[in-house]
Amino acid sequence: MSRSAVLGAGSWGTAFAQVLADGEATEKVTLWARREEVARGIAEEHRNPDYLTETVLPAKVTATTDPAAAVEGAELVVLAVPSQSLRANLEAWGSTIPREAIVVSLMKGIELGTGLRMSEVIEASGIERDRIVVVTGPNLSREIAQRQPAASVVAGTDHAAAERVAELVVQPYFRPYTQTDVVGAEIGGAVKNVIALAVGMAEGLGYGDNTKSSLITRGLAEITRLGQALGGEPATLMGLAGVGDLIATCMSPLSRNHRVGVALGRGVPVEEVLAVPHETAEGVKSCGAVVALAGRNGVSMPICEGVTAVVAGQATPEQLTTALMTRALKHERA
């Protein structure tokens, strides 16, 4: 029987704790929460008072505000904090992670300033690469918490580590597929958030499915170009970690990035959109880092560039649409 810790009690961290706890091989799952009232609600009432509030968590799930206590004796340590706070969190409590534990990243972002993927940030904290596994794909937390069927990618440079994580998370409603292309898996997960903002803006502007389909397809081209430039495999981005995650995030009202894009398209100021409590739209945080990373690698990403300009207040969604539609024609596969 294994023990797991999930550091971060947001929507995805909470849902993933349930996935782990539903497994027969899991003895206990401890969630780490920043706030005492959240930890107490999970430990005593088996409900997260801030996220997925209608979900009753399995009895195997408990919670604490002490990160060292959360990871004590854990075979699996899952990181589920906002991407831009990962480095600071690891500096605060990374040394408490057991040296033999597999470390799972649920984050989907690119670090501002460094352009590092989340697994690279984890490795920079002193955790060996072969202990790091990435879980990605169409991971809408609410649907997974409701035990609706879903599939995900479990990627690790050490395939045995990825297989071990897959064994712990496989459920009748959660089907993992293992692979070793961590680069492709993380680029798909990070950039799709930015494309979802663009698709949401289109919806907010009142555009229909032709527009949204065009943005998703051309967005996939941008994701694939960047992924390949960094060493990722095109096949990864044609699968769950790319196309699958992109469709879910771009089209579902459950997607925070989609909702933020819709609000921006309707003219709501960026500051007002971001002021909504308990809502982290990773695309807003990571879009600038994605564009900078693409620039350093000579990759053209006009949708991501336009979204970054809107988020920075340098363009409106209408201007983004005009810029994309009036770009100079050139020969490229559509």
# chains A, B, ... in the order shown; residues from 1 in each chain; ligands from 1
$ select_by_dssp --residues "region 56-105 of chain A" --states "strand (DSSP E or B)" --output "list in words"
Val61, Thr62, Ala63, Thr64, Leu76, Val77, Val78, Leu79, Ile102, Val103, Val104 and Ser105 of chain A
$ write_last_selection --atoms "N, CA, C and O atoms" --output "PDB file, in the first residue's frame"
ATOM      1  N   VAL A  61      -8.543  10.512   2.059  1.00  0.00           N
ATOM      2  CA  VAL A  61      -7.967  11.837   1.845  1.00  0.00           C
ATOM      3  C   VAL A  61      -8.037  12.644   3.136  1.00  0.00           C
ATOM      4  O   VAL A  61      -9.105  12.785   3.739  1.00  0.00           O
ATOM      5  N   THR A  62      -6.905  13.187   3.540  1.00  0.00           N
ATOM      6  CA  THR A  62      -6.855  14.101   4.668  1.00  0.00           C
ATOM      7  C   THR A  62      -6.069  15.331   4.237  1.00  0.00           C
ATOM      8  O   THR A  62      -5.657  15.442   3.079  1.00  0.00           O
ATOM      9  N   ALA A  63      -5.862  16.287   5.142  1.00  0.00           N
ATOM     10  CA  ALA A  63      -5.185  17.524   4.750  1.00  0.00           C
ATOM     11  C   ALA A  63      -4.471  18.157   5.933  1.00  0.00           C
ATOM     12  O   ALA A  63      -4.810  17.908   7.100  1.00  0.00           O
ATOM     13  N   THR A  64      -3.488  18.993   5.610  1.00  0.00           N
ATOM     14  CA  THR A  64      -2.711  19.701   6.617  1.00  0.00           C
ATOM     15  C   THR A  64      -2.162  20.981   6.004  1.00  0.00           C
ATOM     16  O   THR A  64      -2.067  21.104   4.778  1.00  0.00           O
ATOM     17  N   LEU A  76       4.775   8.991  -3.432  1.00  0.00           N
ATOM     18  CA  LEU A  76       4.423   9.853  -4.553  1.00  0.00           C
ATOM     19  C   LEU A  76       4.131  11.245  -4.006  1.00  0.00           C
ATOM     20  O   LEU A  76       3.323  11.395  -3.089  1.00  0.00           O
ATOM     21  N   VAL A  77       4.808  12.267  -4.554  1.00  0.00           N
ATOM     22  CA  VAL A  77       4.560  13.648  -4.162  1.00  0.00           C
ATOM     23  C   VAL A  77       4.099  14.411  -5.400  1.00  0.00           C
ATOM     24  O   VAL A  77       4.834  14.512  -6.391  1.00  0.00           O
ATOM     25  N   VAL A  78       2.873  14.921  -5.344  1.00  0.00           N
ATOM     26  CA  VAL A  78       2.253  15.589  -6.488  1.00  0.00           C
ATOM     27  C   VAL A  78       2.281  17.095  -6.267  1.00  0.00           C
ATOM     28  O   VAL A  78       1.843  17.586  -5.218  1.00  0.00           O
ATOM     29  N   LEU A  79       2.804  17.831  -7.243  1.00  0.00           N
ATOM     30  CA  LEU A  79       2.875  19.281  -7.164  1.00  0.00           C
ATOM     31  C   LEU A  79       1.741  19.885  -7.984  1.00  0.00           C
ATOM     32  O   LEU A  79       1.653  19.659  -9.194  1.00  0.00           O
ATOM     33  N   ILE A 102       8.695   9.594  -6.126  1.00  0.00           N
ATOM     34  CA  ILE A 102       8.437  10.096  -7.474  1.00  0.00           C
ATOM     35  C   ILE A 102       7.708  11.426  -7.323  1.00  0.00           C
ATOM     36  O   ILE A 102       6.783  11.562  -6.521  1.00  0.00           O
ATOM     37  N   VAL A 103       8.131  12.428  -8.105  1.00  0.00           N
ATOM     38  CA  VAL A 103       7.535  13.764  -8.024  1.00  0.00           C
ATOM     39  C   VAL A 103       6.717  14.007  -9.289  1.00  0.00           C
ATOM     40  O   VAL A 103       7.246  13.949 -10.403  1.00  0.00           O
ATOM     41  N   VAL A 104       5.434  14.252  -9.121  1.00  0.00           N
ATOM     42  CA  VAL A 104       4.510  14.417 -10.236  1.00  0.00           C
ATOM     43  C   VAL A 104       4.142  15.890 -10.400  1.00  0.00           C
ATOM     44  O   VAL A 104       3.758  16.554  -9.435  1.00  0.00           O
ATOM     45  N   SER A 105       4.264  16.389 -11.614  1.00  0.00           N
ATOM     46  CA  SER A 105       3.864  17.761 -11.922  1.00  0.00           C
ATOM     47  C   SER A 105       2.499  17.780 -12.583  1.00  0.00           C
ATOM     48  O   SER A 105       2.288  17.137 -13.616  1.00  0.00           O
TER      49      SER A 105
END
$ residues_around --residues "Ala68 (chain A)" --least-positions-apart "2" --cutoff "8 Å" --atoms "only C-alpha atoms" --output "tab-separated table (two decimals) with C-alpha atoms, in the first residue's frame"
chain	number	residue	atom	x	y	z
A	66	ASP	CA	2.31	21.64	7.25
A	70	ALA	CA	2.06	16.16	4.20
A	71	VAL	CA	5.03	14.50	2.47
A	72	GLU	CA	6.23	12.35	5.38
A	93	TRP	CA	9.55	23.18	1.27
A	96	THR	CA	11.14	18.02	2.81
A	97	ILE	CA	10.25	15.82	-0.20
$ closest_atom_pairs --of "region 160-246 of chain A" --to "region 314-321 of chain A" --cutoff "12 Å" --atoms "only C-alpha atoms" --output "tab-separated table"
residue	atom	partner	partner_atom	distance
A:Leu197	CA	A:Pro317	CA	10.2
A:Ala198	CA	A:Pro317	CA	8.2
A:Val199	CA	A:Pro317	CA	10.5
A:Gly200	CA	A:Pro317	CA	10.1
A:Met201	CA	A:Pro317	CA	6.3
A:Ala202	CA	A:Pro317	CA	7.8
A:Glu203	CA	A:Pro317	CA	10.6
A:Gly204	CA	A:Pro317	CA	9.1
A:Leu205	CA	A:Glu318	CA	7.8
A:Gly206	CA	A:Glu318	CA	11.0
A:Tyr207	CA	A:Thr321	CA	10.5
A:Thr211	CA	A:Thr321	CA	9.7
A:Lys212	CA	A:Thr321	CA	11.5
A:Ser214	CA	A:Thr321	CA	11.7
A:Leu215	CA	A:Thr321	CA	10.1
$ closest_residue --among "A:Ala248, A:Ile132, A:Ile42, A:Ala101" --to "Ser119 (chain A)" --atoms "only C-alpha atoms"
A:Ile132
$ select_by_dssp --residues "region 101-307 of chain A" --states "helix (DSSP H, G or I)" --output "ChimeraX atom specification"
/A:118-124,129-131,141-145,159-169,182-204,209-229,234-237,240-251,256-265,270-274,282-296,302-307
$ closest_residue --among "A:Ala25, A:Ala88, A:Leu52, A:Ala309" --to "Arg164 (chain A)" --atoms "only C-alpha atoms"
A:Ala25
$ closest_residue --among "A:Gln146, A:Gln179, A:Ser11, A:Glu24" --to "Ala160 (chain A)" --atoms "only C-alpha atoms"
A:Gln179
$ atom_distance --atom1 "CA of Gly306 (chain A)" --atom2 "CA of Val262 (chain A)"
15.3 Å
$ atom_distance --atom1 "CA of Gly219 (chain A)" --atom2 "CA of Ala145 (chain A)"
28.3 Å
$ residues_around --residues "Gly261 (chain A)" --least-positions-apart "5" --cutoff "12 Å" --atoms "only C-alpha atoms" --output "PyMOL selection string"
chain A and resi 193-205+249-253+255-256+266-270+273-274+281-284+307-308+310-311+316-317
$ write_last_selection --atoms "N, CA and C atoms" --output "compact mmCIF listing (two decimals), in the first residue's frame"
# COMPACT_ATOMS: atom_id res chain seq x y z
N ASN A 193 -3.32 26.76 -23.13
CA ASN A 193 -4.00 27.76 -22.29
C ASN A 193 -4.06 29.12 -22.98
N VAL A 194 -2.99 29.45 -23.69
CA VAL A 194 -2.95 30.74 -24.40
C VAL A 194 -3.92 30.72 -25.58
N ILE A 195 -3.95 29.61 -26.31
CA ILE A 195 -4.88 29.49 -27.44
C ILE A 195 -6.32 29.54 -26.94
N ALA A 196 -6.58 28.96 -25.77
CA ALA A 196 -7.94 28.99 -25.20
C ALA A 196 -8.38 30.41 -24.89
N LEU A 197 -7.46 31.26 -24.50
CA LEU A 197 -7.80 32.67 -24.30
C LEU A 197 -8.27 33.30 -25.61
N ALA A 198 -7.57 32.99 -26.70
CA ALA A 198 -7.96 33.54 -28.01
C ALA A 198 -9.33 33.03 -28.44
N VAL A 199 -9.57 31.73 -28.25
CA VAL A 199 -10.87 31.16 -28.62
C VAL A 199 -11.98 31.78 -27.77
N GLY A 200 -11.71 31.96 -26.49
CA GLY A 200 -12.69 32.60 -25.61
C GLY A 200 -12.98 34.03 -26.05
N MET A 201 -11.94 34.76 -26.45
CA MET A 201 -12.16 36.13 -26.94
C MET A 201 -13.06 36.12 -28.16
N ALA A 202 -12.83 35.17 -29.06
CA ALA A 202 -13.68 35.07 -30.26
C ALA A 202 -15.13 34.86 -29.88
N GLU A 203 -15.36 33.98 -28.90
CA GLU A 203 -16.73 33.75 -28.45
C GLU A 203 -17.31 35.01 -27.82
N GLY A 204 -16.50 35.69 -27.02
CA GLY A 204 -16.96 36.92 -26.38
C GLY A 204 -17.31 38.01 -27.38
N LEU A 205 -16.63 37.99 -28.51
CA LEU A 205 -16.91 38.96 -29.56
C LEU A 205 -18.14 38.58 -30.38
N THR A 249 -9.88 22.56 -23.42
CA THR A 249 -9.63 23.87 -22.81
C THR A 249 -10.22 24.99 -23.63
N CYS A 250 -10.21 24.84 -24.94
CA CYS A 250 -10.73 25.91 -25.80
C CYS A 250 -12.25 25.96 -25.85
N MET A 251 -12.92 24.82 -25.68
CA MET A 251 -14.35 24.76 -25.94
C MET A 251 -15.23 24.65 -24.70
N SER A 252 -14.66 24.26 -23.57
CA SER A 252 -15.50 24.01 -22.40
C SER A 252 -15.69 25.25 -21.52
N PRO A 253 -16.93 25.53 -21.09
CA PRO A 253 -17.15 26.62 -20.14
C PRO A 253 -16.54 26.32 -18.77
N SER A 255 -13.47 25.53 -18.46
CA SER A 255 -12.09 25.97 -18.58
C SER A 255 -11.94 27.42 -18.13
N ARG A 256 -11.06 27.65 -17.16
CA ARG A 256 -10.84 29.01 -16.67
C ARG A 256 -10.27 29.91 -17.76
N ARG A 266 -15.70 40.34 -24.34
CA ARG A 266 -16.89 41.16 -24.05
C ARG A 266 -16.51 42.54 -23.52
N GLY A 267 -15.22 42.82 -23.44
CA GLY A 267 -14.76 44.15 -23.04
C GLY A 267 -14.48 44.33 -21.58
N VAL A 268 -14.50 43.26 -20.79
CA VAL A 268 -14.17 43.37 -19.37
C VAL A 268 -12.67 43.63 -19.24
N PRO A 269 -12.25 44.65 -18.47
CA PRO A 269 -10.82 44.93 -18.33
C PRO A 269 -10.06 43.76 -17.72
N VAL A 270 -8.80 43.61 -18.13
CA VAL A 270 -7.98 42.50 -17.65
C VAL A 270 -7.92 42.48 -16.13
N VAL A 273 -11.04 41.02 -14.66
CA VAL A 273 -11.14 39.58 -14.90
C VAL A 273 -10.26 38.81 -13.92
N LEU A 274 -9.07 39.31 -13.69
CA LEU A 274 -8.11 38.60 -12.83
C LEU A 274 -8.42 38.76 -11.35
N ALA A 281 -5.98 31.61 -14.23
CA ALA A 281 -5.94 31.31 -15.65
C ALA A 281 -4.47 31.29 -16.06
N GLU A 282 -3.91 30.09 -16.18
CA GLU A 282 -2.48 29.97 -16.43
C GLU A 282 -2.06 30.64 -17.73
N GLY A 283 -2.96 30.71 -18.72
CA GLY A 283 -2.60 31.34 -19.99
C GLY A 283 -2.26 32.81 -19.83
N VAL A 284 -2.96 33.49 -18.93
CA VAL A 284 -2.68 34.91 -18.67
C VAL A 284 -1.29 35.07 -18.09
N VAL A 307 -2.48 37.42 -28.23
CA VAL A 307 -3.06 37.26 -26.90
C VAL A 307 -2.21 38.00 -25.87
N THR A 308 -0.90 37.89 -25.99
CA THR A 308 -0.01 38.57 -25.05
C THR A 308 -0.21 40.07 -25.11
N VAL A 310 -2.99 41.64 -25.94
CA VAL A 310 -4.28 41.96 -25.31
C VAL A 310 -4.15 41.93 -23.79
N VAL A 311 -3.50 40.90 -23.27
CA VAL A 311 -3.34 40.77 -21.82
C VAL A 311 -2.53 41.95 -21.26
N THR A 316 -6.68 45.38 -28.39
CA THR A 316 -8.01 44.90 -28.03
C THR A 316 -8.25 43.56 -28.73
N PRO A 317 -9.22 42.77 -28.28
CA PRO A 317 -9.55 41.54 -29.00
C PRO A 317 -9.91 41.78 -30.46
$ residues_around --residues "Leu293 (chain A)" --least-positions-apart "3" --cutoff "6 Å" --atoms "only C-alpha atoms" --output "list in words"
Gly115, Val290 and Arg296 of chain A
$ atom_distance --atom1 "CA of Arg175 (chain A)" --atom2 "CA of Leu254 (chain A)"
20.4 Å
$ decode --residues "region 258-282 of chain A" --atoms "N, CA and C atoms" --output "PDB file, in the first residue's frame"
ATOM      1  N   HIS A 258     -10.720  29.649 -20.953  1.00  0.00           N
ATOM      2  CA  HIS A 258     -11.811  29.958 -21.879  1.00  0.00           C
ATOM      3  C   HIS A 258     -12.698  31.061 -21.300  1.00  0.00           C
ATOM      4  N   ARG A 259     -13.063  30.926 -20.019  1.00  0.00           N
ATOM      5  CA  ARG A 259     -13.945  31.919 -19.392  1.00  0.00           C
ATOM      6  C   ARG A 259     -13.299  33.303 -19.361  1.00  0.00           C
ATOM      7  N   VAL A 260     -12.006  33.346 -19.053  1.00  0.00           N
ATOM      8  CA  VAL A 260     -11.299  34.628 -19.033  1.00  0.00           C
ATOM      9  C   VAL A 260     -11.276  35.231 -20.437  1.00  0.00           C
ATOM     10  N   GLY A 261     -11.041  34.418 -21.453  1.00  0.00           N
ATOM     11  CA  GLY A 261     -11.056  34.913 -22.819  1.00  0.00           C
ATOM     12  C   GLY A 261     -12.401  35.478 -23.213  1.00  0.00           C
ATOM     13  N   VAL A 262     -13.482  34.793 -22.835  1.00  0.00           N
ATOM     14  CA  VAL A 262     -14.829  35.283 -23.131  1.00  0.00           C
ATOM     15  C   VAL A 262     -15.040  36.656 -22.501  1.00  0.00           C
ATOM     16  N   ALA A 263     -14.642  36.790 -21.249  1.00  0.00           N
ATOM     17  CA  ALA A 263     -14.801  38.077 -20.566  1.00  0.00           C
ATOM     18  C   ALA A 263     -14.005  39.175 -21.262  1.00  0.00           C
ATOM     19  N   LEU A 264     -12.786  38.880 -21.670  1.00  0.00           N
ATOM     20  CA  LEU A 264     -11.979  39.877 -22.381  1.00  0.00           C
ATOM     21  C   LEU A 264     -12.638  40.251 -23.706  1.00  0.00           C
ATOM     22  N   GLY A 265     -13.187  39.260 -24.409  1.00  0.00           N
ATOM     23  CA  GLY A 265     -13.863  39.533 -25.666  1.00  0.00           C
ATOM     24  C   GLY A 265     -15.084  40.417 -25.494  1.00  0.00           C
ATOM     25  N   ARG A 266     -15.704  40.342 -24.336  1.00  0.00           N
ATOM     26  CA  ARG A 266     -16.886  41.159 -24.047  1.00  0.00           C
ATOM     27  C   ARG A 266     -16.513  42.538 -23.518  1.00  0.00           C
ATOM     28  N   GLY A 267     -15.216  42.818 -23.437  1.00  0.00           N
ATOM     29  CA  GLY A 267     -14.765  44.147 -23.039  1.00  0.00           C
ATOM     30  C   GLY A 267     -14.476  44.332 -21.575  1.00  0.00           C
ATOM     31  N   VAL A 268     -14.501  43.259 -20.790  1.00  0.00           N
ATOM     32  CA  VAL A 268     -14.173  43.374 -19.367  1.00  0.00           C
ATOM     33  C   VAL A 268     -12.674  43.632 -19.238  1.00  0.00           C
ATOM     34  N   PRO A 269     -12.251  44.650 -18.474  1.00  0.00           N
ATOM     35  CA  PRO A 269     -10.822  44.935 -18.331  1.00  0.00           C
ATOM     36  C   PRO A 269     -10.059  43.756 -17.718  1.00  0.00           C
ATOM     37  N   VAL A 270      -8.801  43.608 -18.126  1.00  0.00           N
ATOM     38  CA  VAL A 270      -7.979  42.499 -17.651  1.00  0.00           C
ATOM     39  C   VAL A 270      -7.923  42.476 -16.126  1.00  0.00           C
ATOM     40  N   GLU A 271      -7.736  43.646 -15.505  1.00  0.00           N
ATOM     41  CA  GLU A 271      -7.601  43.696 -14.047  1.00  0.00           C
ATOM     42  C   GLU A 271      -8.864  43.173 -13.357  1.00  0.00           C
ATOM     43  N   GLU A 272     -10.013  43.489 -13.930  1.00  0.00           N
ATOM     44  CA  GLU A 272     -11.277  43.033 -13.340  1.00  0.00           C
ATOM     45  C   GLU A 272     -11.443  41.526 -13.498  1.00  0.00           C
ATOM     46  N   VAL A 273     -11.039  41.020 -14.659  1.00  0.00           N
ATOM     47  CA  VAL A 273     -11.138  39.576 -14.901  1.00  0.00           C
ATOM     48  C   VAL A 273     -10.260  38.810 -13.915  1.00  0.00           C
ATOM     49  N   LEU A 274      -9.067  39.309 -13.691  1.00  0.00           N
ATOM     50  CA  LEU A 274      -8.113  38.603 -12.832  1.00  0.00           C
ATOM     51  C   LEU A 274      -8.423  38.761 -11.354  1.00  0.00           C
ATOM     52  N   ALA A 275      -9.337  39.660 -11.018  1.00  0.00           N
ATOM     53  CA  ALA A 275      -9.666  39.887  -9.611  1.00  0.00           C
ATOM     54  C   ALA A 275     -10.641  38.851  -9.062  1.00  0.00           C
ATOM     55  N   VAL A 276     -11.164  37.969  -9.926  1.00  0.00           N
ATOM     56  CA  VAL A 276     -12.107  36.946  -9.472  1.00  0.00           C
ATOM     57  C   VAL A 276     -11.388  35.979  -8.533  1.00  0.00           C
ATOM     58  N   PRO A 277     -11.890  35.772  -7.298  1.00  0.00           N
ATOM     59  CA  PRO A 277     -11.205  34.888  -6.353  1.00  0.00           C
ATOM     60  C   PRO A 277     -11.218  33.428  -6.784  1.00  0.00           C
ATOM     61  N   HIS A 278     -10.168  32.710  -6.384  1.00  0.00           N
ATOM     62  CA  HIS A 278     -10.047  31.266  -6.628  1.00  0.00           C
ATOM     63  C   HIS A 278     -10.027  30.920  -8.115  1.00  0.00           C
ATOM     64  N   GLU A 279      -9.582  31.847  -8.955  1.00  0.00           N
ATOM     65  CA  GLU A 279      -9.522  31.594 -10.394  1.00  0.00           C
ATOM     66  C   GLU A 279      -8.108  31.897 -10.879  1.00  0.00           C
ATOM     67  N   THR A 280      -7.358  30.880 -11.291  1.00  0.00           N
ATOM     68  CA  THR A 280      -6.036  31.069 -11.864  1.00  0.00           C
ATOM     69  C   THR A 280      -6.080  30.634 -13.320  1.00  0.00           C
ATOM     70  N   ALA A 281      -5.983  31.609 -14.227  1.00  0.00           N
ATOM     71  CA  ALA A 281      -5.936  31.306 -15.653  1.00  0.00           C
ATOM     72  C   ALA A 281      -4.471  31.288 -16.060  1.00  0.00           C
ATOM     73  N   GLU A 282      -3.914  30.090 -16.184  1.00  0.00           N
ATOM     74  CA  GLU A 282      -2.483  29.967 -16.431  1.00  0.00           C
ATOM     75  C   GLU A 282      -2.058  30.639 -17.735  1.00  0.00           C
TER      76      GLU A 282
END
